[in-house]
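Notes follow once the structure below has been shown.
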Amino acid sequence: MFPPSHTTRRRVLQGGAAGLALGHFGLPFHARAAEAPPLEEYRPTYLSGAAWAFVMAATARLIPSDGEGPGALEARVPVFIDLQLAGDFGAAADWYMEGPHDPAADPYLGYQSPLAPAEIYRQAIDVFDRWCQEQYGGSFAALSPEQQDEALGALEKNAAPTGAAVVHVGGGAPGDAGGVEGQPAPPMAPGAAPGGDTPPGATETGGGASGKTQPAAAQGGAGAGTPAQPAAAAAPAKEPVEAAILPPELRDFFRLLLQNTKEGYFADPMYGGNHGMQAWVYIGFPGARGSFTEWVNRPNEPYPLGPVSISGERA
Amino acid sequence: MARQEKKKDVVVIGLGWTGSILGIELAREGLEVLALERGPDRDTVPDFQYPKVIDELRFGIRYGFMQKPRNSTLTIRRSLDETALPYRVLGSFLPGDGVGGAGVHWNGQTWRPQAVEYRLRSYVEETFGKDIIPEDMNLQDWGVTAEELEPHLTRFEYLLGISGKAGNLNGSIVEGGNPFEAPRSKDYPLPPLAQTWDSVLFTDAARSMGYHPFPRPAANASAAYVNEYGMQLGPCNYCGFCERFGCLNYSKASPQTCVIDALKREPTFEYRVNSEVLRIEKAADGKTATGVTYFDEAAKEEVFQPADLVIVCAYSLHNVHLLLLSQIGAPYDPATGEGVVGRNYAYQVNGGTSLFFKDKIFNPFVGTGSSGVTIDDFSISQIDFGREGFIGGSYITAGHSGGRPIQQMSLPPGTASWGAEWKAAVGEWYGHGMSIGSHGSNMAYRDTCLDLDPTYKDRHGRPLMRMTFDWKPNDIRMNQFMGKMIDPIAKSLNPDILSSSYKKDGAKYDVRPYQTTHNVGGAVMGVDRKTSVVNRYLQSWDIHNVFVMGASAFPQNIQYNPTGAVGGLAYWAVEALRGDYLKNPRPLM
């Protein structure tokens, strides 16, 4: 049914080649891409000036622009995050938010903050920017990429980097952060198993490890939930507050930020990110094509067509 | 006070799989049947239409077809002395809402329990001796046998148009099917689905090790099909958006594609949506139900709906919640072991091994919910519990269902979760992995149970239900055993990287990552009213005109996905209702 293709995935992935090879299926994405104003001129709906600057700078480190494939900025991930925070997600419209709240509860018991995501972003960015100011002498957006990576690593662990002076922003006495593990960040809403109720499968969102790498156990299948955490995480999580950058009600901030960044990278472009479907082109995901009967068992044969979006965009 | 509506013969609570089956079967008896569905109406058109339904963010990540915790949730604790906290954000399990219920967003694996699973306590005592049963394990028989349920399981499979291959036809083992299944009277209605490459690799590896691979029984049609109600399915096109999504192609069996259009044509059937049942009302003598009170979302008022017969067809957890709120059956008290409602909650014990191959391209976005291949060589009937030190079993399986990039991105262990390394890894590894998983039984224990939470309330002011659950050593050992069986199969495929995830000793239940929506028990069936809520016909022991469908009836969890057994039990209850109860309403046992 599809024309035979010797196009390798890598070649398809390079934007120009995709436009050339697949142009007869429709306009190359550049035609659509031209419609959006430059990211620098975007006027945020929810995020204020400083918070917008933080999201721009932070997502640029979470998915950097260098190397193959688009970065978060090319994909317009900050626009996605701004719109999500302005909508039902930001307001926790679907979540049970009745009290009493125990935000310092064992993370295994799930999201327990009294704050909706939009409010967590607003407060946490403010606290974290002040922490960066004290730690490095500038707000996050003003730091060097190396400092930003270090600061994000600390934020992920919700603890100051080992050996660094601890500034306790939330009040109370400073403590020794050396070697203190932060709260493990729970995986965000989407869950583990590809295939869901079919057990196999590792997914990328299972990890809750402190630190930037995913523990092997986090790669599990449907059962990934329990073994995904390092042993320390199994203990009741009344962590020493002195070491935490963020107070308990904000402790999910990094996890939300990282999850939303990946959502904005890979979601359909109608939500403001994945601009021109560049992230789909990069990994070889064909988007909303939704019909693959002829491709069920074709070992090692790269799928030849680029993605389509729900609105009919092609790349 | 409450508005009162005209009396109906039957009220069905919840319009998912069991509600639609009970609805059509009782309407065809000429009874006036009303189904009350608390969620919205849904149908293939417009709700599951291409392309808007294959939106990973809206439906896969933001759970567009799921129950919103704001409207309905529960609290969870891991032990009797922990303070339960609300399940505020969906994670571990995903109950559906709206017409079709979870039958809209499932993958479609449609299994039958093994024969020994219906009489697990008897089997263990006869085969291994009762001494191997841990003291706190509430092991029970179902009160119904594989032989009794067989015709009803067959009817359900033919309702859904299951694609698969029989392994035991009337006692004769059939090559290529599951040799360990209970005897079945007929083959599946449709041939197996085509298999993706990962399934083919697993098949070859398993067969070369002497195991018995067979295709998963799938409610994704492999060919055009028409069922007994005249409902038509079209062949699956492997769109890769199955679980968490409604089917855009009329290929996945759901209440919509298999029952509801036919049901709507029944002149004595009516359904009301956005109508959440708050409680079942009892007569003054406490021996029968008089109907239900529900909240009419449009009118914003409570409505009393009188009825002669109440069929509880909500999701398993909500069935139990409604019984507790309605004070039907004695609530279970884990301190004393007395009472039954909420007793024996169980879940599912799963694990998996991931394999990464630099040079293999799997095209993971080509997939359907339930294609794939399984071995049952380590199933519950094949394990020497005495020797291995646990009671339980698992099926072991491979076969991807999709390659959606937010949810289903699989990266090698140790990969950075952000930054340049993560970005390079998604480019390098997307589509280069497969996995082999185990899907296993979960026993019920004295302190795995459901009751009413003392603190948290729902939007109607009713107490939330409280779940007490954690992993137990017996089940953790079972899971670890499966890992040891899977790893040699995985290694024989020579992946560049291999990563295993099975429960570690002392593993605690984590409500955050998705695990499975196979919550069972709490309104258990049986032949002893001291240890069950409903009798073997799913009839309340206490209120004889209340019947409770669903996986809440399982005394402990089977090693399989529950829907096949849920459907078989529904038709079994239909037979008891039509053949006996309606002629002479009374306690059937």
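Please note that chains go A, B, ... in the order of the structure tokens, that every chain numbers its residues from 1, and that ligands are numbered from 1 in the order shown.
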Neighbouring residues of Ser222 in chain B were defined as those with any atom within 7 Å, considering only C-alpha atoms; residues of the same chain fewer than 2 positions away were excluded. Please report them as number ranges by chain. B: 163, 190-193, 220, 235-236
With N, CA and C atoms kept, could you save the residues just selected as a short mmCIF file (atom, residue, chain, number, x, y, z; two decimals), in the first residue's frame?
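Writing the result to part-v1.cif gives the following:
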```cif
data_model
loop_
_atom_site.label_atom_id
_atom_site.label_comp_id
_atom_site.auth_asym_id
_atom_site.auth_seq_id
_atom_site.Cartn_x
_atom_site.Cartn_y
_atom_site.Cartn_z
N SER B 163 -10.52 -12.41 19.34
CA SER B 163 -9.53 -13.00 18.44
C SER B 163 -8.57 -13.84 19.28
N LEU B 190 -12.98 -15.39 16.47
CA LEU B 190 -12.14 -14.85 15.39
C LEU B 190 -10.72 -15.41 15.52
N PRO B 191 -10.02 -15.52 14.39
CA PRO B 191 -8.62 -15.99 14.46
C PRO B 191 -7.73 -14.97 15.16
N PRO B 192 -6.54 -15.38 15.57
CA PRO B 192 -5.64 -14.45 16.27
C PRO B 192 -5.29 -13.25 15.41
N LEU B 193 -4.94 -12.16 16.08
CA LEU B 193 -4.43 -10.97 15.41
C LEU B 193 -3.05 -11.25 14.82
N ASN B 220 -9.84 -7.11 20.21
CA ASN B 220 -9.57 -6.25 19.07
C ASN B 220 -9.81 -7.15 17.86
N PRO B 235 -12.38 -4.87 11.24
CA PRO B 235 -11.03 -5.32 11.59
C PRO B 235 -10.14 -4.20 12.10
N CYS B 236 -9.39 -4.50 13.13
CA CYS B 236 -8.48 -3.54 13.75
C CYS B 236 -7.42 -3.08 12.77
#
```
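With only C-alpha atoms as the atoms that count, the minimum distance from chain B to the choices A:Leu115, A:Ala267, A:Val77, A:Ile245 is reached by A:Ala267.
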Would you pick out the contacts of His212 in chain B at 12 Å or less, using only C-alpha atoms, so that residues sharing its chain but fewer than 2 positions from it are not included, and give the list as an mmCIF file with C-alpha atoms, in the first residue's frame?
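Generated output (result-v1.cif):
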```cif
data_model
loop_
_atom_site.group_PDB
_atom_site.id
_atom_site.type_symbol
_atom_site.label_atom_id
_atom_site.label_comp_id
_atom_site.auth_asym_id
_atom_site.auth_seq_id
_atom_site.Cartn_x
_atom_site.Cartn_y
_atom_site.Cartn_z
ATOM 1 C CA GLY B 167 -5.651 -24.568 23.516
ATOM 2 C CA ILE B 173 -5.077 -30.068 23.602
ATOM 3 C CA VAL B 174 -4.757 -27.938 20.477
ATOM 4 C CA GLU B 175 -1.305 -27.093 19.160
ATOM 5 C CA GLY B 176 -0.628 -23.350 19.208
ATOM 6 C CA GLY B 177 -3.207 -22.542 21.881
ATOM 7 C CA ASN B 178 -2.831 -22.437 25.650
ATOM 8 C CA PRO B 179 -2.492 -26.052 26.806
ATOM 9 C CA PHE B 180 -3.058 -25.036 30.427
ATOM 10 C CA GLU B 181 -6.448 -23.388 29.994
ATOM 11 C CA PHE B 202 9.429 -13.786 22.102
ATOM 12 C CA THR B 203 7.521 -16.659 20.516
ATOM 13 C CA ASP B 204 10.657 -18.109 18.979
ATOM 14 C CA ALA B 205 12.680 -17.685 22.155
ATOM 15 C CA ALA B 206 10.001 -19.233 24.361
ATOM 16 C CA ARG B 207 9.410 -22.159 22.036
ATOM 17 C CA SER B 208 13.102 -22.920 21.792
ATOM 18 C CA MET B 209 13.180 -23.179 25.591
ATOM 19 C CA GLY B 210 10.362 -25.711 25.554
ATOM 20 C CA PHE B 214 0.056 -18.770 22.241
ATOM 21 C CA PRO B 215 -1.656 -15.577 21.058
ATOM 22 C CA VAL B 373 2.014 -13.689 22.780
ATOM 23 C CA THR B 374 1.861 -15.364 26.176
ATOM 24 C CA ILE B 375 3.144 -18.454 27.921
ATOM 25 C CA ASP B 376 1.290 -20.015 30.815
ATOM 26 C CA ASP B 377 4.044 -22.431 31.761
ATOM 27 C CA PHE B 378 4.356 -20.629 35.132
ATOM 28 C CA SER B 379 0.674 -20.164 35.665
ATOM 29 C CA TYR B 395 1.327 -15.384 32.728
ATOM 30 C CA ILE B 396 4.419 -14.189 30.916
ATOM 31 C CA THR B 397 3.944 -12.158 27.794
#
```
| task | Run DSSP on the backbone and grab whatever in range 225-473 of chain B lands in strand (DSSP E or B); send it over as a ChimeraX atom specification. | result | /B:225-226,232-233,239,252,269-272,275-282,289-296,301-312,331,333,338,341,346,349-356,367,373-375,394-398,416,433-440,442,445,449-457,463-468
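The space separating CA of Ala218 in chain B from CA of Thr517 in chain B comes to 17.1 Å.
Nearest residue to Leu452 in chain B, choosing from B:Asp333, B:Asp43, B:Asp510, B:Asp475 and counting only C-alpha atoms: B:Asp333.
Distances from A:Leu39, A:Trp95, A:Ala72, A:Ile81 to Asn71 in chain B were compared using only C-alpha atoms, and the smallest one belongs to A:Trp95.
Taking only C-alpha atoms into account, chain A lies nearest to B:Ala416 out of the set B:Ala223, B:Ala84, B:Ala416, B:Leu36.
For Asp359 in chain B, the set of protein, DNA and RNA residues having any atom at most 10 Å away, when counting only C-alpha atoms and skipping those fewer than 4 positions along the same chain, is Asn300 of chain A; Trp429, His432, Pro495 and Asp496 of chain B.
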Using the selection just defined, write its residues with N, CA, C and O atoms as a PDB file, in the first residue's frame.
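Below is the file again23.pdb, written as the result:
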```pdb
ATOM      1  N   ASN A 300      12.713  -4.614  11.290  1.00  0.00           N
ATOM      2  CA  ASN A 300      13.820  -3.730  10.933  1.00  0.00           C
ATOM      3  C   ASN A 300      13.546  -2.824   9.758  1.00  0.00           C
ATOM      4  O   ASN A 300      14.470  -2.305   9.155  1.00  0.00           O
TER       5      ASN A 300
ATOM      6  N   TRP B 429      17.017   5.674  21.121  1.00  0.00           N
ATOM      7  CA  TRP B 429      16.372   4.442  21.605  1.00  0.00           C
ATOM      8  C   TRP B 429      14.900   4.305  21.299  1.00  0.00           C
ATOM      9  O   TRP B 429      14.341   3.220  21.441  1.00  0.00           O
ATOM     10  N   HIS B 432      13.514   1.080  19.673  1.00  0.00           N
ATOM     11  CA  HIS B 432      14.551   0.045  19.690  1.00  0.00           C
ATOM     12  C   HIS B 432      14.443  -0.875  20.897  1.00  0.00           C
ATOM     13  O   HIS B 432      15.398  -1.579  21.214  1.00  0.00           O
ATOM     14  N   PRO B 495      19.916  -8.950  23.797  1.00  0.00           N
ATOM     15  CA  PRO B 495      19.777  -7.494  23.713  1.00  0.00           C
ATOM     16  C   PRO B 495      21.098  -6.801  24.057  1.00  0.00           C
ATOM     17  O   PRO B 495      21.937  -7.370  24.766  1.00  0.00           O
ATOM     18  N   ASP B 496      21.265  -5.594  23.575  1.00  0.00           N
ATOM     19  CA  ASP B 496      22.445  -4.815  23.966  1.00  0.00           C
ATOM     20  C   ASP B 496      22.359  -4.405  25.429  1.00  0.00           C
ATOM     21  O   ASP B 496      23.365  -4.315  26.120  1.00  0.00           O
TER      22      ASP B 496
END
```
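Between CA of Cys239 in chain B and CA of Ile54 in chain B lies a distance of 8.7 Å.
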- [ ] Write out as a PyMOL selection string the residues lying within 10 Å of range 536-545 of chain B, counting only C-alpha atoms and excluding same-chain residues fewer than 6 positions away.
- [x] chain B and resi 10+142-144+282-283+286-291+307-312+323+328-330+523-530+553+569-570+572-577+581-582+585-589
